[in-house]
Amino acid sequence: MSSEQNVNYLNCSKGFSSWFWTLDHKRLGLMYLWSTIAAMFLGGIFALTMRVELFAPGAQIVSADQFNQLFTLHGAIMVFLVIIPSVPAALGNFVLPMMLGAKDVAFPKLNRFSYHLWLLGAIFFVSSMLATGLDTGWTFYAPYSTVHSPAYTAVVLAVFGAFILGFSSIFTGLNFVATVHKMRPPGMTWFRLPLFIWAIYATGLIQILATPVIGITMLLIAVERILEIGIFNPALGGDPVLFQHMFWFYSHPAVYIMILPAMGVMSELFSTFARKKIFGYSFIAMSSVAIAVVSFIVWGHHMFVSGQSPLVSIVFSAMTFFVAIPTAIKIFSWVATLYKGSINMATPMIYAMGFLWLFGIGGLTGLWLTTLETDIHLHDTYFVVAHFHFVMVGSALMGFLGGIHYWWPKMFGRMYPERKGQVAAVGLIVGFNVTFLPQFVAGTQGMPRRYFDYAERFEIYNQISTFGAFLMGLSLLTILIYLIRSIKRGKLAPANPWGGATLEWHTAPIPDPHNFDNAPQVGDPYDMEIFKWDETEKGYVPVNPVPGLPYIAQPKADSGDSH
Amino acid sequence: MIPKMLSFFHFLPQDGEGDFFFPAQASNLAKFNDWLFYYILIVSAVFFFAIMLSAGYFSWKYHKSRCPEPQPSPSHSNTIEFVWSVIPTIFLAYMFWQGFVGFMNRQNPPADAYQVHAQGQKWSWIFQYPDGTESNVLHLPLNRPIEVSLGSNDVLHSLFIPAFRTKMDAVPGRLTSLWFTPTMIGEFEIFCAEYCGTEHSSMITTCKVETQAEFDAWLEEAGDFISKLPPVEAGKRVFAMKGCAACHTVDGAVGIGPTFKGSFGTERKLTDGSKVTMDYDYVYESLMDPQAKLREGFPPVMPTFQGQMDDEKIRVLVEYLKTL
């Protein structure tokens with residue numbers, strides 16, 4: 001059906017406005033993708049500048065004030081502009097409707113509005129921080145942020161930026177939740193949903209419920225500043241600890257907005273690259289929902305030494321341990337999926353193994369921080385810095401890059417150079433470990449975070465860290481270059497290069513603007529036997545194609561009904 | 001028993017010195033804290049390597065070059081899934097329990113604990129003793145329970161003593177506290193662990209643990225130093241004690257605030273363009289109401305010392321400034 005390939009979502013219309021005003025979820029997904037990548041490099045440059053500064057004690061290339069601005073910018077950009085939108089907004093938009101077997105999301109115009117809002121929020125957020133030299137840290141703790149910082153007038157602007165971004169996130173979540181409820185084709189029962197969709201669905205619920213709180217917080221800061229009603233400022237009778245509660249009530253669930261979608265990507269990768277049905281489907285699906293629910297009642301574990309009541313700390317510590325169990329279930333299930341499979345160690349799979357390693361360390365080091373006794377010493381040290389980088393990079397970045405490499409052929413119809421992909425992935429993972437493993441020890445030895453200058457005895461850890469950071473930077477740059485080059489020069493991709501069985505692999509090599517001409521027939525999303533390797537196609541083809549539709553495999557009659 | 005088993009590894013803490021992970025154990029809290037740390041480390045390491053080795057082994061054994069086709073295997077097993085949910089839960093429950101026990105111990109200071117108050121401000125600590133003596137170095141007697149209450153004049157700070165394995169935030173508008181018993185003679189670093197602005201990373205001081213006799217001698221001398229020391233020496237002590245050096249240098253180098261080298265008695269330019277002579281009255285006013293007359297070219301970040309500096313202290317401080 002070469003005629004079908006003449007019109008696809010990339011070439012169906014041309015020009016700036018055909019992209020900027022598009023309603024196509026795939027084009028919106030790509031625009032999120034490039035925006036997120038641009039923000040990631042911006043945040044990365046700030047990180048490398050910090051690492052150069054920290055190479056030795058004392059001032060190297062920036063002043064103390066500039067350093068404080070750098071870590072604020074790095075943290076705020078990476079959290080609000082990179083990690084939160086990376087997997088759900090960029091990959092979610094591109095993949096979710098196709099994977100579900102739908103033509104688009106439930107509310108395409110709202111989807112476009114989300115992106116425009118994101119763009120507006122991003123520009124507003126970054127420019128207000130740069131213009132005012134915001135130096136409060138991405139956590140904006142009061143009363144430093146609201147009264148004492150030289151940029152205290154800017155904190156309302158910055159939080160307003162986060163608020164706009166928050167609305168973009170709420171609308172995206174709402175759209176995905178509505179799509180999953182209302183747009184499933186016939187046969188797509190809840191327990192035939194691919195696990196990526198389960199993860200995005202659970203994430204959507206968190207986005208809708210948690211994100212409004214950041215808006216409320218912003219409003220309260222404005223009320224305090226304009227009407228001088230004491231809320232957070234102790235000089236007016238407010239309480240700074242209340243700010244921490246409000247901030248983490250959003251920001252802790254936000255951590256799962258960052259992690260859950262990446263876990264969803266992992267479920268797809270482990271199954272596809274082991275050529276095997278995912279192990280423990282319903283446990284993985286339900287663990288996503290469990291994590292989403294528990295994520296709302298653990299925020300106080302950020303505040304064990306803040307002065308909150310000890311009783312409250314004890315309850316939060318206990319609740320936090322409950323997050324560990326569904327997380328462990330997921331990891332065990334992925335490893336069990338590998339058992340007796342046929343494993344293809346392609347680039348996306350290297351990211352999946354990287355996820356196990358990095359997120360394994362990130363998750364397990366969380367145990368020291370949720371254990372009340374050991375958190376006291378480690379709180380606000382480099383141990384925490386290392387922990388959350390292992391968690392965030394281990395999950396969000398591995399999920400993002402793994403997902404990009406997995407769906408890249410579907411996005412552009414081209415393959416990236418496999419060998420370079422593997423080398424850069426290994427370089428990134430090694431570089432990450434070199435950067436952040438020493439920081440655990442710097443932390444247990446007592447080096448506090450957000451330190452411009454440090455005692456001599458911490459120098460060795462910081463030097464190793466800086467070397468690792470540059471290896472990471474180099475790997476990321478390599479990845480960006482070969483990906484961009486492959487759009488024009490890469491080998492033409494088959495419709496299904498990896499043998500995935502979920503519905504997005506049933507579309508044309510570059511999908512049609514409307515994904516499917518007819519509602520696809522839905523079977524078990526992890527029944528790998530409906531596709532087989534074809535040497536001439538250099539890809540996987542349906543064992544039993546639907547007549548007239550060469551890419552679409554007929555589901556097996558009995559599959560998917562065992563649930 | 002478990003700590004004993006652990007000491008098999010020679011990298012673990014020995015009395016009086018640090019190890020790969022920790023500085024020396026210098027308080028009653030350190031031993032239990034470090035033991036629990038290593039307990040979690042061992043449990044985590046066992047799980048981590050079990051996961052990674054199985055993943056690695058499966059990836060090798062079932063690589064597509066060896067296994068071109070997947071082999072039949074269950075995609076679901078209630079027994080396995082139940083077992084791997086319950087076993088970690090048991091280890092986690094024990095971790096929580098031990099963490100809880102340690103935490104409760106930290107919440108309940110002995111009734112006879114010696115009281116010290118630590119007041120944080122940008123960017124120094126002032127420690128106040130029961131007799132009213134103040135110091136910017138935390139002098140403490142050995143082997144005596146100490147309860148430190150914490151307050152802050154401006155933003156959040158956090159008193160962190162790595163060798164004692166303890167920290168607590170100082171919150172403006174609240175009084176927080178922590179307690180410990182120093183168990184080792186020596187000098188230990190005190191860091192500020194909660195971000196507090198420009199000089200956050202230089203908000204560092206020392207905890208000096210001495211024998212009870214040495215401590216008593218220090219306290220008596222420190223409480224009455226103004227009458228015992230020559231005024232210039234006493235002024236130098238006030239300068240150090242109040243943390244002036246966090247912002248003001250005495251050697252002409254540029255700091256957050258103006259240097260005091262050669263400045264007393266000279267004319268200084270203010271932000272409104274007028275001039276003022278740096279004399280006793282100007283120093284006094286700047287301490288009580290720092291924003292009243294601001295030097296040109298410096299940020300308005302000086303905290304007030306109202307209620308913290310009596311006339312005696314300011315008198316000797318000025319004597320010291322005159323000599324610079």
# chains A, B, ... in the order shown; residues from 1 in each chain; ligands from 1

call {"tool": "residues_around", "arguments": {"residues": "Cys244 in chain B", "least_positions_apart": "6", "cutoff": "12 Å", "atoms": "only C-alpha atoms", "output": "ChimeraX atom specification"}}
result
/B:121-126,136,203,235-238,250,255-260,287,302-305,317,321

call {"tool": "residues_around", "arguments": {"residues": "range 200-213 of chain A", "least_positions_apart": "6", "cutoff": "6 Å", "atoms": "only C-alpha atoms", "output": "list in words"}}
result
Gly166, Ile170, Gly173, Val177, Tyr250, Ile257, Pro261, Val289 and Ala292 of chain A

call {"tool": "write_last_selection", "arguments": {"atoms": "N, CA and C atoms", "output": "mmCIF file, in the first residue's frame"}}
result
data_model
loop_
_atom_site.group_PDB
_atom_site.id
_atom_site.type_symbol
_atom_site.label_atom_id
_atom_site.label_comp_id
_atom_site.auth_asym_id
_atom_site.auth_seq_id
_atom_site.Cartn_x
_atom_site.Cartn_y
_atom_site.Cartn_z
ATOM 1 N N GLY A 166 1.549 24.680 35.340
ATOM 2 C CA GLY A 166 0.697 23.731 36.049
ATOM 3 C C GLY A 166 -0.626 23.533 35.333
ATOM 4 N N ILE A 170 -2.345 20.215 34.009
ATOM 5 C CA ILE A 170 -3.691 19.775 34.397
ATOM 6 C C ILE A 170 -4.510 19.424 33.157
ATOM 7 N N GLY A 173 -3.376 16.191 31.587
ATOM 8 C CA GLY A 173 -3.826 15.054 32.383
ATOM 9 C C GLY A 173 -5.314 14.782 32.177
ATOM 10 N N VAL A 177 -7.022 11.410 30.672
ATOM 11 C CA VAL A 177 -7.978 10.627 31.463
ATOM 12 C C VAL A 177 -9.283 10.476 30.674
ATOM 13 N N TYR A 250 1.950 19.650 46.666
ATOM 14 C CA TYR A 250 1.991 19.493 45.207
ATOM 15 C C TYR A 250 3.233 18.733 44.767
ATOM 16 N N ILE A 257 4.411 12.257 39.064
ATOM 17 C CA ILE A 257 4.101 12.679 37.699
ATOM 18 C C ILE A 257 5.338 12.436 36.837
ATOM 19 N N PRO A 261 5.045 7.762 34.415
ATOM 20 C CA PRO A 261 5.039 7.567 32.965
ATOM 21 C C PRO A 261 6.293 6.832 32.490
ATOM 22 N N VAL A 289 -1.669 2.538 39.989
ATOM 23 C CA VAL A 289 -2.762 3.228 40.658
ATOM 24 C C VAL A 289 -2.454 3.371 42.156
ATOM 25 N N ALA A 292 -0.070 6.135 42.702
ATOM 26 C CA ALA A 292 -0.734 7.429 42.532
ATOM 27 C C ALA A 292 -1.505 7.809 43.792
#

call {"tool": "closest_residue", "arguments": {"among": "A:Leu30, A:Leu269, A:Leu369, A:Ala262", "to": "chain B", "atoms": "only C-alpha atoms"}}
result
A:Leu369

call {"tool": "residues_around", "arguments": {"residues": "range 40-50 of chain A", "least_positions_apart": "4", "cutoff": "7 Å", "atoms": "only C-alpha atoms", "output": "list of chain:residue names"}}
result
A:Thr36, A:Leu54, A:Phe67, A:Leu70, A:His74, A:Ile77, A:Met78, A:Val82, A:Ala469

call {"tool": "write_last_selection", "arguments": {"atoms": "all heavy atoms", "output": "PDB file, in the first residue's frame"}}
result
ATOM      1  N   THR A  36      11.039  20.313  25.047  1.00  0.00           N
ATOM      2  CA  THR A  36      11.593  19.704  26.251  1.00  0.00           C
ATOM      3  C   THR A  36      13.096  19.495  26.103  1.00  0.00           C
ATOM      4  O   THR A  36      13.868  19.744  27.028  1.00  0.00           O
ATOM      5  CB  THR A  36      10.914  18.347  26.495  1.00  0.00           C
ATOM      6  OG1 THR A  36       9.511  18.522  26.413  1.00  0.00           O
ATOM      7  CG2 THR A  36      11.262  17.803  27.841  1.00  0.00           C
ATOM      8  N   LEU A  54      32.289  23.953  41.287  1.00  0.00           N
ATOM      9  CA  LEU A  54      32.501  23.094  42.462  1.00  0.00           C
ATOM     10  C   LEU A  54      33.727  22.194  42.326  1.00  0.00           C
ATOM     11  O   LEU A  54      33.977  21.362  43.187  1.00  0.00           O
ATOM     12  CB  LEU A  54      31.254  22.235  42.708  1.00  0.00           C
ATOM     13  CG  LEU A  54      30.035  22.992  43.217  1.00  0.00           C
ATOM     14  CD1 LEU A  54      28.810  22.095  43.261  1.00  0.00           C
ATOM     15  CD2 LEU A  54      30.292  23.589  44.592  1.00  0.00           C
ATOM     16  N   PHE A  67      26.106  31.579  41.819  1.00  0.00           N
ATOM     17  CA  PHE A  67      25.955  30.143  42.049  1.00  0.00           C
ATOM     18  C   PHE A  67      24.543  29.836  42.541  1.00  0.00           C
ATOM     19  O   PHE A  67      23.902  28.894  42.074  1.00  0.00           O
ATOM     20  CB  PHE A  67      26.989  29.662  43.059  1.00  0.00           C
ATOM     21  CG  PHE A  67      26.917  28.191  43.327  1.00  0.00           C
ATOM     22  CD1 PHE A  67      27.534  27.286  42.479  1.00  0.00           C
ATOM     23  CD2 PHE A  67      26.215  27.700  44.420  1.00  0.00           C
ATOM     24  CE1 PHE A  67      27.458  25.927  42.709  1.00  0.00           C
ATOM     25  CE2 PHE A  67      26.132  26.339  44.660  1.00  0.00           C
ATOM     26  CZ  PHE A  67      26.761  25.452  43.801  1.00  0.00           C
ATOM     27  N   LEU A  70      22.299  29.902  39.748  1.00  0.00           N
ATOM     28  CA  LEU A  70      22.484  28.749  38.850  1.00  0.00           C
ATOM     29  C   LEU A  70      21.722  27.527  39.346  1.00  0.00           C
ATOM     30  O   LEU A  70      21.050  26.847  38.574  1.00  0.00           O
ATOM     31  CB  LEU A  70      23.971  28.400  38.736  1.00  0.00           C
ATOM     32  CG  LEU A  70      24.793  29.256  37.783  1.00  0.00           C
ATOM     33  CD1 LEU A  70      26.277  28.928  37.940  1.00  0.00           C
ATOM     34  CD2 LEU A  70      24.365  29.014  36.342  1.00  0.00           C
ATOM     35  N   HIS A  74      18.759  25.765  37.343  1.00  0.00           N
ATOM     36  CA  HIS A  74      18.909  24.357  36.961  1.00  0.00           C
ATOM     37  C   HIS A  74      17.742  23.531  37.496  1.00  0.00           C
ATOM     38  O   HIS A  74      17.094  22.799  36.757  1.00  0.00           O
ATOM     39  CB  HIS A  74      20.239  23.803  37.480  1.00  0.00           C
ATOM     40  CG  HIS A  74      20.353  22.311  37.386  1.00  0.00           C
ATOM     41  ND1 HIS A  74      20.508  21.661  36.182  1.00  0.00           N
ATOM     42  CD2 HIS A  74      20.288  21.342  38.330  1.00  0.00           C
ATOM     43  CE1 HIS A  74      20.553  20.358  36.395  1.00  0.00           C
ATOM     44  NE2 HIS A  74      20.411  20.125  37.692  1.00  0.00           N
ATOM     45  N   ILE A  77      14.158  24.673  35.977  1.00  0.00           N
ATOM     46  CA  ILE A  77      13.988  24.309  34.566  1.00  0.00           C
ATOM     47  C   ILE A  77      13.856  22.798  34.420  1.00  0.00           C
ATOM     48  O   ILE A  77      12.966  22.297  33.732  1.00  0.00           O
ATOM     49  CB  ILE A  77      15.168  24.852  33.727  1.00  0.00           C
ATOM     50  CG1 ILE A  77      15.054  26.367  33.617  1.00  0.00           C
ATOM     51  CG2 ILE A  77      15.191  24.216  32.343  1.00  0.00           C
ATOM     52  CD1 ILE A  77      16.203  27.032  32.908  1.00  0.00           C
ATOM     53  N   MET A  78      14.755  22.069  35.091  1.00  0.00           N
ATOM     54  CA  MET A  78      14.724  20.613  34.938  1.00  0.00           C
ATOM     55  C   MET A  78      13.411  20.027  35.463  1.00  0.00           C
ATOM     56  O   MET A  78      12.838  19.130  34.855  1.00  0.00           O
ATOM     57  CB  MET A  78      15.918  19.976  35.656  1.00  0.00           C
ATOM     58  CG  MET A  78      17.228  20.182  34.937  1.00  0.00           C
ATOM     59  SD  MET A  78      17.205  19.529  33.242  1.00  0.00           S
ATOM     60  CE  MET A  78      18.936  19.466  32.851  1.00  0.00           C
ATOM     61  N   VAL A  82      11.327  20.231  32.046  1.00  0.00           N
ATOM     62  CA  VAL A  82      11.864  19.038  31.404  1.00  0.00           C
ATOM     63  C   VAL A  82      11.184  17.778  31.928  1.00  0.00           C
ATOM     64  O   VAL A  82      10.492  17.083  31.192  1.00  0.00           O
ATOM     65  CB  VAL A  82      13.396  18.937  31.580  1.00  0.00           C
ATOM     66  CG1 VAL A  82      13.918  17.706  30.868  1.00  0.00           C
ATOM     67  CG2 VAL A  82      14.070  20.185  31.033  1.00  0.00           C
ATOM     68  N   ALA A 469      30.111  14.541  35.119  1.00  0.00           N
ATOM     69  CA  ALA A 469      29.104  15.432  34.534  1.00  0.00           C
ATOM     70  C   ALA A 469      29.457  15.740  33.085  1.00  0.00           C
ATOM     71  O   ALA A 469      28.574  15.822  32.223  1.00  0.00           O
ATOM     72  CB  ALA A 469      29.009  16.709  35.352  1.00  0.00           C
TER      73      ALA A 469
END

call {"tool": "closest_residue", "arguments": {"among": "A:Pro108, A:Gly413, A:Pro97, A:Gly443", "to": "chain B", "atoms": "only C-alpha atoms"}}
result
A:Gly443

call {"tool": "closest_residue", "arguments": {"among": "A:Leu174, A:Val265, A:Leu119, A:Val155", "to": "Thr136 in chain A", "atoms": "only C-alpha atoms"}}
result
A:Val155

call {"tool": "select_by_dssp", "arguments": {"residues": "range 101-298 of chain B", "states": "strand (DSSP E)", "output": "PyMOL selection string"}}
result
chain B and resi 114-121+124-128+134-135+138-141+146-152+157-161+166-170+176-180+186-192+205-210+267-269+275-277

call {"tool": "residues_around", "arguments": {"residues": "Lys26 in chain A", "least_positions_apart": "2", "cutoff": "7 Å", "atoms": "only C-alpha atoms", "output": "VMD selection string"}}
result
chain A and resid 24 28 to 30 93 to 94

call {"tool": "residues_around", "arguments": {"residues": "Ile90 in chain B", "least_positions_apart": "4", "cutoff": "12 Å", "atoms": "only C-alpha atoms", "output": "ChimeraX atom specification"}}
result
/A:321-322,324-325 /B:43,83-86,94-97

call {"tool": "write_last_selection", "arguments": {"atoms": "N, CA, C and O atoms", "output": "PDB file, in the first residue's frame"}}
result
ATOM      1  N   PHE A 321       7.010   4.241  53.428  1.00  0.00           N
ATOM      2  CA  PHE A 321       7.465   2.864  53.200  1.00  0.00           C
ATOM      3  C   PHE A 321       6.499   2.103  52.296  1.00  0.00           C
ATOM      4  O   PHE A 321       6.901   1.205  51.560  1.00  0.00           O
ATOM      5  N   PHE A 322       5.215   2.487  52.345  1.00  0.00           N
ATOM      6  CA  PHE A 322       4.248   1.776  51.498  1.00  0.00           C
ATOM      7  C   PHE A 322       4.499   2.000  50.005  1.00  0.00           C
ATOM      8  O   PHE A 322       4.112   1.175  49.191  1.00  0.00           O
ATOM      9  N   ALA A 324       7.290   1.895  48.633  1.00  0.00           N
ATOM     10  CA  ALA A 324       8.359   0.989  48.219  1.00  0.00           C
ATOM     11  C   ALA A 324       7.801  -0.327  47.693  1.00  0.00           C
ATOM     12  O   ALA A 324       8.391  -0.945  46.803  1.00  0.00           O
ATOM     13  N   ILE A 325       6.654  -0.746  48.208  1.00  0.00           N
ATOM     14  CA  ILE A 325       6.177  -2.096  47.869  1.00  0.00           C
ATOM     15  C   ILE A 325       5.685  -2.177  46.419  1.00  0.00           C
ATOM     16  O   ILE A 325       6.176  -3.021  45.664  1.00  0.00           O
TER      17      ILE A 325
ATOM     18  N   VAL B  43      20.846  -4.684  53.565  1.00  0.00           N
ATOM     19  CA  VAL B  43      19.577  -5.156  52.985  1.00  0.00           C
ATOM     20  C   VAL B  43      19.446  -4.659  51.543  1.00  0.00           C
ATOM     21  O   VAL B  43      19.119  -5.422  50.626  1.00  0.00           O
ATOM     22  N   VAL B  83       4.917 -13.723  47.323  1.00  0.00           N
ATOM     23  CA  VAL B  83       6.173 -13.842  48.073  1.00  0.00           C
ATOM     24  C   VAL B  83       7.020 -12.579  47.910  1.00  0.00           C
ATOM     25  O   VAL B  83       7.524 -12.029  48.884  1.00  0.00           O
ATOM     26  N   TRP B  84       7.153 -12.093  46.679  1.00  0.00           N
ATOM     27  CA  TRP B  84       8.029 -10.924  46.524  1.00  0.00           C
ATOM     28  C   TRP B  84       7.365  -9.622  46.929  1.00  0.00           C
ATOM     29  O   TRP B  84       7.991  -8.569  46.893  1.00  0.00           O
ATOM     30  N   SER B  85       6.118  -9.668  47.311  1.00  0.00           N
ATOM     31  CA  SER B  85       5.526  -8.492  47.957  1.00  0.00           C
ATOM     32  C   SER B  85       5.731  -8.548  49.466  1.00  0.00           C
ATOM     33  O   SER B  85       5.942  -7.525  50.111  1.00  0.00           O
ATOM     34  N   VAL B  86       5.678  -9.757  50.023  1.00  0.00           N
ATOM     35  CA  VAL B  86       5.698  -9.874  51.481  1.00  0.00           C
ATOM     36  C   VAL B  86       7.110  -9.796  52.046  1.00  0.00           C
ATOM     37  O   VAL B  86       7.341  -9.135  53.057  1.00  0.00           O
ATOM     38  N   TYR B  94      10.787  -3.608  59.659  1.00  0.00           N
ATOM     39  CA  TYR B  94      11.849  -3.562  60.665  1.00  0.00           C
ATOM     40  C   TYR B  94      12.608  -2.236  60.584  1.00  0.00           C
ATOM     41  O   TYR B  94      12.925  -1.616  61.598  1.00  0.00           O
ATOM     42  N   MET B  95      12.874  -1.772  59.347  1.00  0.00           N
ATOM     43  CA  MET B  95      13.547  -0.482  59.161  1.00  0.00           C
ATOM     44  C   MET B  95      12.741   0.642  59.795  1.00  0.00           C
ATOM     45  O   MET B  95      13.263   1.487  60.514  1.00  0.00           O
ATOM     46  N   PHE B  96      11.442   0.641  59.486  1.00  0.00           N
ATOM     47  CA  PHE B  96      10.588   1.688  60.035  1.00  0.00           C
ATOM     48  C   PHE B  96      10.646   1.662  61.551  1.00  0.00           C
ATOM     49  O   PHE B  96      10.795   2.689  62.204  1.00  0.00           O
ATOM     50  N   TRP B  97      10.550   0.456  62.121  1.00  0.00           N
ATOM     51  CA  TRP B  97      10.500   0.326  63.573  1.00  0.00           C
ATOM     52  C   TRP B  97      11.780   0.869  64.212  1.00  0.00           C
ATOM     53  O   TRP B  97      11.733   1.648  65.169  1.00  0.00           O
TER      54      TRP B  97
END

call {"tool": "closest_residue", "arguments": {"among": "A:Gly15, A:Pro85, A:Pro150, A:Gly341", "to": "chain B", "atoms": "only C-alpha atoms"}}
result
A:Gly341
